[in-house]
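Raw contents of data23.cif, mmCIF, C-alpha atoms:
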data_coords
loop_
_atom_site.group_PDB
_atom_site.id
_atom_site.type_symbol
_atom_site.label_atom_id
_atom_site.label_comp_id
_atom_site.auth_asym_id
_atom_site.auth_seq_id
_atom_site.Cartn_x
_atom_site.Cartn_y
_atom_site.Cartn_z
ATOM 1 C CA MET O 1 -106.677 -98.980 -122.084
ATOM 2 C CA LYS O 2 -107.820 -101.079 -119.259
ATOM 3 C CA GLN O 3 -110.409 -99.798 -116.867
ATOM 4 C CA LYS O 4 -109.540 -99.708 -113.246
ATOM 5 C CA GLU O 5 -110.401 -103.052 -111.796
ATOM 6 C CA LEU O 6 -112.571 -102.887 -108.698
ATOM 7 C CA PRO O 7 -112.637 -105.732 -106.243
ATOM 8 C CA LEU O 8 -115.945 -107.539 -106.360
ATOM 9 C CA ASN O 9 -117.736 -108.071 -103.103
ATOM 10 C CA GLN O 10 -119.659 -111.322 -102.950
ATOM 11 C CA GLU O 11 -121.587 -110.494 -99.782
ATOM 12 C CA LYS O 12 -125.179 -109.301 -99.861
ATOM 13 C CA SER O 13 -125.548 -105.529 -99.577
ATOM 14 C CA GLN O 14 -127.076 -104.162 -96.386
ATOM 15 C CA LEU O 15 -128.779 -101.260 -98.242
ATOM 16 C CA SER O 16 -131.311 -101.369 -101.030
ATOM 17 C CA LEU O 17 -130.565 -99.724 -104.355
ATOM 18 C CA ALA O 18 -133.041 -96.910 -103.554
ATOM 19 C CA GLU O 19 -131.222 -96.171 -100.283
ATOM 20 C CA VAL O 20 -127.860 -96.060 -102.075
ATOM 21 C CA TYR O 21 -129.201 -93.574 -104.640
ATOM 22 C CA GLU O 22 -130.818 -91.553 -101.843
ATOM 23 C CA LYS O 23 -127.476 -91.237 -100.016
ATOM 24 C CA ASP O 24 -125.725 -90.128 -103.213
ATOM 25 C CA TYR O 25 -128.476 -87.578 -103.933
ATOM 26 C CA LEU O 26 -128.434 -86.152 -100.391
ATOM 27 C CA ALA O 27 -124.646 -85.844 -100.444
ATOM 28 C CA ALA O 28 -124.807 -83.923 -103.742
ATOM 29 C CA GLN O 29 -127.569 -81.666 -102.351
ATOM 30 C CA GLU O 30 -125.607 -80.877 -99.190
ATOM 31 C CA GLN O 31 -122.567 -79.838 -101.221
ATOM 32 C CA SER O 32 -124.596 -77.498 -103.475
ATOM 33 C CA GLU O 33 -126.579 -76.048 -100.537
ATOM 34 C CA GLY O 34 -123.423 -75.396 -98.553
ATOM 35 C CA VAL O 35 -122.076 -73.098 -101.276
ATOM 36 C CA GLU O 36 -125.435 -71.292 -101.660
ATOM 37 C CA LYS O 37 -125.846 -70.868 -97.889
ATOM 38 C CA GLU O 38 -122.453 -69.245 -97.589
ATOM 39 C CA GLU O 39 -123.309 -66.773 -100.359
ATOM 40 C CA ILE O 40 -126.715 -66.020 -98.824
ATOM 41 C CA ASN O 41 -125.267 -65.644 -95.327
ATOM 42 C CA GLU O 42 -122.640 -63.202 -96.585
ATOM 43 C CA ALA O 43 -125.316 -61.163 -98.385
ATOM 44 C CA GLU O 44 -127.598 -61.193 -95.307
ATOM 45 C CA GLU O 45 -124.771 -60.060 -93.045
ATOM 46 C CA ALA O 46 -123.947 -57.191 -95.419
ATOM 47 C CA ILE O 47 -127.597 -56.085 -95.449
ATOM 48 C CA LYS O 48 -127.852 -56.293 -91.650
ATOM 49 C CA ARG O 49 -124.700 -54.209 -91.240
ATOM 50 C CA ASP O 50 -126.009 -51.572 -93.665
ATOM 51 C CA LEU O 51 -129.379 -51.405 -91.894
ATOM 52 C CA GLN O 52 -127.780 -51.027 -88.455
ATOM 53 C CA ASN O 53 -125.581 -48.249 -89.825
ATOM 54 C CA LEU O 54 -128.662 -46.504 -91.318
ATOM 55 C CA PHE O 55 -130.660 -46.796 -88.101
ATOM 56 C CA ARG O 56 -127.748 -45.422 -86.079
ATOM 57 C CA LYS O 57 -127.567 -42.364 -88.374
ATOM 58 C CA LEU O 58 -131.358 -41.831 -88.163
ATOM 59 C CA ASP O 59 -131.239 -41.971 -84.368
ATOM 60 C CA ALA O 60 -128.456 -39.412 -84.349
ATOM 61 C CA LEU O 61 -130.476 -37.103 -86.649
ATOM 62 C CA SER O 62 -133.529 -37.294 -84.390
ATOM 63 C CA ASN O 63 -131.268 -36.639 -81.389
ATOM 64 C CA PHE O 64 -132.427 -39.921 -79.826
ATOM 65 C CA THR O 65 -135.747 -38.277 -78.792
ATOM 66 C CA PHE O 66 -138.067 -39.644 -81.453
ATOM 67 C CA THR O 67 -141.129 -41.426 -80.113
ATOM 68 C CA PRO O 68 -143.547 -43.169 -82.455
ATOM 69 C CA SER O 69 -147.171 -41.954 -82.577
ATOM 70 C CA GLY O 70 -149.752 -43.805 -80.526
ATOM 71 C CA VAL O 71 -151.761 -46.667 -81.855
ATOM 72 C CA LYS O 72 -155.002 -45.530 -83.474
ATOM 73 C CA GLU O 73 -158.115 -47.572 -82.819
ATOM 74 C CA GLU O 74 -159.862 -48.997 -85.821
ATOM 75 C CA LEU O 75 -163.478 -48.062 -86.405
ATOM 76 C CA LYS O 76 -165.885 -50.959 -86.197
ATOM 77 C CA ILE O 77 -169.277 -50.683 -87.846
ATOM 78 C CA VAL O 78 -171.866 -52.859 -86.193
ATOM 79 C CA VAL O 79 -175.010 -53.505 -88.192
ATOM 80 C CA ASN O 80 -177.930 -55.407 -86.750
ATOM 81 C CA ALA O 81 -179.063 -56.639 -90.162
ATOM 82 C CA PRO O 82 -177.841 -60.043 -91.332
ATOM 83 C CA ALA O 83 -175.102 -59.960 -93.941
ATOM 84 C CA VAL O 84 -177.238 -61.757 -96.512
ATOM 85 C CA SER O 85 -179.892 -59.022 -96.473
ATOM 86 C CA ILE O 86 -177.242 -56.332 -96.854
ATOM 87 C CA GLU O 87 -175.565 -58.050 -99.790
ATOM 88 C CA GLU O 88 -178.745 -58.988 -101.662
ATOM 89 C CA ALA O 89 -180.172 -56.604 -104.185
ATOM 90 C CA MET O 90 -183.894 -57.263 -103.864
ATOM 91 C CA PRO O 91 -186.786 -55.378 -105.367
ATOM 92 C CA THR O 92 -188.618 -53.138 -102.902
ATOM 93 C CA ALA O 93 -192.042 -54.754 -103.456
ATOM 94 C CA VAL O 94 -191.505 -58.338 -102.338
ATOM 95 C CA ALA O 95 -193.924 -60.547 -100.446
ATOM 96 C CA GLU O 96 -192.877 -61.698 -97.001
ATOM 97 C CA THR O 97 -193.169 -65.325 -98.042
ATOM 98 C CA GLN O 98 -190.437 -64.786 -100.632
ATOM 99 C CA ILE O 99 -188.069 -63.363 -98.013
ATOM 100 C CA LEU O 100 -188.693 -65.982 -95.326
ATOM 101 C CA ALA O 101 -187.165 -69.423 -95.216
ATOM 102 C CA PRO O 102 -189.462 -72.372 -96.010
ATOM 103 C CA ALA O 103 -189.469 -73.451 -92.353
ATOM 104 C CA GLU O 104 -190.748 -69.996 -91.354
ATOM 105 C CA VAL O 105 -193.559 -70.023 -93.936
ATOM 106 C CA LYS O 106 -195.005 -73.447 -93.198
ATOM 107 C CA ALA O 107 -194.853 -75.120 -89.811
ATOM 108 C CA ARG O 108 -193.037 -78.417 -89.586
ATOM 109 C CA GLN O 109 -195.138 -81.559 -89.450
ATOM 110 C CA LYS O 110 -195.259 -83.322 -86.125
ATOM 111 C CA GLU O 111 -194.897 -86.760 -87.630
ATOM 112 C CA GLU O 112 -193.577 -88.141 -90.855
ATOM 113 C CA LEU O 113 -195.957 -89.094 -93.624
ATOM 114 C CA ARG O 114 -196.785 -92.757 -94.047
ATOM 115 C CA ALA O 115 -198.882 -94.821 -96.399
ATOM 116 C CA THR O 116 -201.877 -96.657 -94.951
ATOM 117 C CA VAL O 117 -199.968 -99.923 -95.376
ATOM 118 C CA GLU O 118 -197.093 -98.633 -93.235
ATOM 119 C CA GLU O 119 -199.251 -97.404 -90.319
ATOM 120 C CA THR O 120 -199.017 -99.207 -87.019
ATOM 121 C CA SER O 121 -202.046 -100.007 -84.899
ATOM 122 C CA THR O 122 -201.422 -96.991 -82.644
ATOM 123 C CA ASP O 123 -201.241 -94.735 -85.721
ATOM 124 C CA LYS O 124 -204.565 -96.122 -86.976
ATOM 125 C CA LYS O 125 -206.215 -95.636 -83.568
ATOM 126 C CA ARG O 126 -204.876 -92.092 -83.286
ATOM 127 C CA LYS O 127 -206.187 -91.262 -86.741
ATOM 128 C CA ARG O 128 -209.606 -92.715 -85.910
ATOM 129 C CA ARG O 129 -209.818 -90.724 -82.632
ATOM 130 C CA LYS O 130 -208.941 -87.538 -84.521
ATOM 131 C CA ILE O 131 -211.646 -88.158 -87.136
ATOM 132 C CA LYS O 132 -214.226 -88.999 -84.454
ATOM 133 C CA LYS O 133 -213.387 -85.836 -82.508
ATOM 134 C CA SER O 134 -213.711 -83.600 -85.569
ATOM 135 C CA GLN O 135 -217.022 -85.296 -86.473
ATOM 136 C CA SER O 136 -218.402 -84.798 -82.978
ATOM 137 C CA ILE O 137 -217.413 -81.108 -83.014
ATOM 138 C CA LYS O 138 -219.155 -80.615 -86.376
ATOM 139 C CA SER O 139 -222.290 -82.425 -85.217
ATOM 140 C CA ASN O 140 -222.389 -80.353 -82.022
ATOM 141 C CA GLU O 141 -222.128 -77.150 -84.054
ATOM 142 C CA ARG O 142 -225.002 -78.296 -86.316
ATOM 143 C CA GLU O 143 -227.192 -79.086 -83.309
ATOM 144 C CA ILE O 144 -226.470 -75.692 -81.770
ATOM 145 C CA LYS O 145 -227.458 -73.978 -85.044
ATOM 146 C CA LYS O 146 -230.694 -75.979 -85.174
ATOM 147 C CA LEU O 147 -231.525 -75.027 -81.586
ATOM 148 C CA LYS O 148 -230.844 -71.371 -82.266
ATOM 149 C CA ILE O 149 -233.058 -71.420 -85.336
ATOM 150 C CA ARG O 150 -235.903 -73.208 -83.487
ATOM 151 C CA GLU O 151 -235.816 -70.893 -80.526
ATOM 152 C CA GLY O 152 -235.465 -67.788 -82.678
ATOM 153 C CA TRP O 153 -232.134 -66.576 -81.327
ATOM 154 C CA TRP O 154 -231.108 -65.522 -84.750
ATOM 155 C CA GLU O 155 -233.794 -62.802 -84.752
ATOM 156 C CA GLU O 156 -232.545 -61.141 -81.556
ATOM 157 C CA SER O 157 -228.949 -60.625 -82.572
#
Re-express the file's structure as structure tokens.
Amino acid sequence: MKQKELPLNQEKSQLSLAEVYEKDYLAAQEQSEGVEKEEINEAEEAIKRDLQNLFRKLDALSNFTFTPSGVKEELKIVVNAPAVSIEEAMPTAVAETQILAPAEVKARQKEELRATVEETSTDKKRKRRKIKKSQSIKSNEREIKKLKIREGWWEES
């Protein structure tokens, strides 16, 4: 038996092989979906008809005077405590520092830490002024103590 001879086309195809396969696949899908859609549509229509018939009978039973009950408001519970504290199971005897965040326990530093090699001239001058000020305050306090002791103020109070 000879196979059916097809005429050979010598021209270059306008579509790639992937596009040809895609067209064949989509055509096959459309045919199978068409049959399924018809079956589904028929089933949906039957269900819709049955439901309309049921609703009509229910309306007739209620004499067309049924009114649905009003909408009930939902209760909302407002708690001023944060959700984390409600959910946590903590022991009753806990220090405050364990409850607080690290930023609440220790104040944030005003400037970042640097090594002495990294300091700029303004940083060095600022540091020196700070040291000098603290030294002068300490020396003033010592002098005041000496004066109080000499004059005998410590005996009166």
- Between CA of Ile131 (chain O) and CA of Val105 (chain O), what is the distance, to one decimal in Å? 26.5 Å
- CA of Asn41 (chain O) to CA of Asn53 (chain O): how many Å, to one decimal?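 Taking CA of Asn41 (chain O) and CA of Asn53 (chain O), their separation equals 18.2 Å.
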- Task: Record the distance separating CA of Leu113 (chain O) and CA of Arg128 (chain O), expressed in Å with one decimal.
- Result: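 Distance between the two atoms: 16.1 Å.
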N, CA and C atoms are needed for region 24-39 of chain O; please write them out as a PDB file, in the coordinates of the input.
ATOM      1  N   ASP O  24    -126.482 -90.890-102.210  1.00  0.00           N
ATOM      2  CA  ASP O  24    -125.725 -90.128-103.213  1.00  0.00           C
ATOM      3  C   ASP O  24    -126.402 -88.791-103.501  1.00  0.00           C
ATOM      4  N   TYR O  25    -127.722 -88.801-103.630  1.00  0.00           N
ATOM      5  CA  TYR O  25    -128.476 -87.578-103.933  1.00  0.00           C
ATOM      6  C   TYR O  25    -128.366 -86.576-102.792  1.00  0.00           C
ATOM      7  N   LEU O  26    -128.526 -87.048-101.555  1.00  0.00           N
ATOM      8  CA  LEU O  26    -128.434 -86.152-100.391  1.00  0.00           C
ATOM      9  C   LEU O  26    -127.038 -85.552-100.245  1.00  0.00           C
ATOM     10  N   ALA O  27    -126.016 -86.354-100.525  1.00  0.00           N
ATOM     11  CA  ALA O  27    -124.646 -85.844-100.444  1.00  0.00           C
ATOM     12  C   ALA O  27    -124.437 -84.740-101.480  1.00  0.00           C
ATOM     13  N   ALA O  28    -124.948 -84.941-102.689  1.00  0.00           N
ATOM     14  CA  ALA O  28    -124.807 -83.923-103.742  1.00  0.00           C
ATOM     15  C   ALA O  28    -125.577 -82.660-103.360  1.00  0.00           C
ATOM     16  N   GLN O  29    -126.757 -82.821-102.762  1.00  0.00           N
ATOM     17  CA  GLN O  29    -127.569 -81.666-102.351  1.00  0.00           C
ATOM     18  C   GLN O  29    -126.865 -80.864-101.257  1.00  0.00           C
ATOM     19  N   GLU O  30    -126.284 -81.561-100.289  1.00  0.00           N
ATOM     20  CA  GLU O  30    -125.607 -80.877 -99.190  1.00  0.00           C
ATOM     21  C   GLU O  30    -124.429 -80.052 -99.705  1.00  0.00           C
ATOM     22  N   GLN O  31    -123.706 -80.581-100.665  1.00  0.00           N
ATOM     23  CA  GLN O  31    -122.567 -79.838-101.221  1.00  0.00           C
ATOM     24  C   GLN O  31    -123.038 -78.578-101.929  1.00  0.00           C
ATOM     25  N   SER O  32    -124.121 -78.675-102.735  1.00  0.00           N
ATOM     26  CA  SER O  32    -124.596 -77.498-103.475  1.00  0.00           C
ATOM     27  C   SER O  32    -125.245 -76.490-102.528  1.00  0.00           C
ATOM     28  N   GLU O  33    -125.943 -76.960-101.496  1.00  0.00           N
ATOM     29  CA  GLU O  33    -126.579 -76.048-100.537  1.00  0.00           C
ATOM     30  C   GLU O  33    -125.554 -75.335 -99.685  1.00  0.00           C
ATOM     31  N   GLY O  34    -124.468 -76.005 -99.369  1.00  0.00           N
ATOM     32  CA  GLY O  34    -123.423 -75.396 -98.553  1.00  0.00           C
ATOM     33  C   GLY O  34    -122.854 -74.162 -99.228  1.00  0.00           C
ATOM     34  N   VAL O  35    -122.623 -74.228-100.523  1.00  0.00           N
ATOM     35  CA  VAL O  35    -122.076 -73.098-101.276  1.00  0.00           C
ATOM     36  C   VAL O  35    -123.102 -71.967-101.307  1.00  0.00           C
ATOM     37  N   GLU O  36    -124.391 -72.308-101.585  1.00  0.00           N
ATOM     38  CA  GLU O  36    -125.435 -71.292-101.660  1.00  0.00           C
ATOM     39  C   GLU O  36    -125.659 -70.630-100.309  1.00  0.00           C
ATOM     40  N   LYS O  37    -125.624 -71.419 -99.226  1.00  0.00           N
ATOM     41  CA  LYS O  37    -125.846 -70.868 -97.889  1.00  0.00           C
ATOM     42  C   LYS O  37    -124.760 -69.863 -97.531  1.00  0.00           C
ATOM     43  N   GLU O  38    -123.547 -70.171 -97.899  1.00  0.00           N
ATOM     44  CA  GLU O  38    -122.453 -69.245 -97.589  1.00  0.00           C
ATOM     45  C   GLU O  38    -122.661 -67.927 -98.313  1.00  0.00           C
ATOM     46  N   GLU O  39    -123.067 -67.992 -99.596  1.00  0.00           N
ATOM     47  CA  GLU O  39    -123.309 -66.773-100.359  1.00  0.00           C
ATOM     48  C   GLU O  39    -124.471 -65.982 -99.775  1.00  0.00           C
TER      49      GLU O  39
END
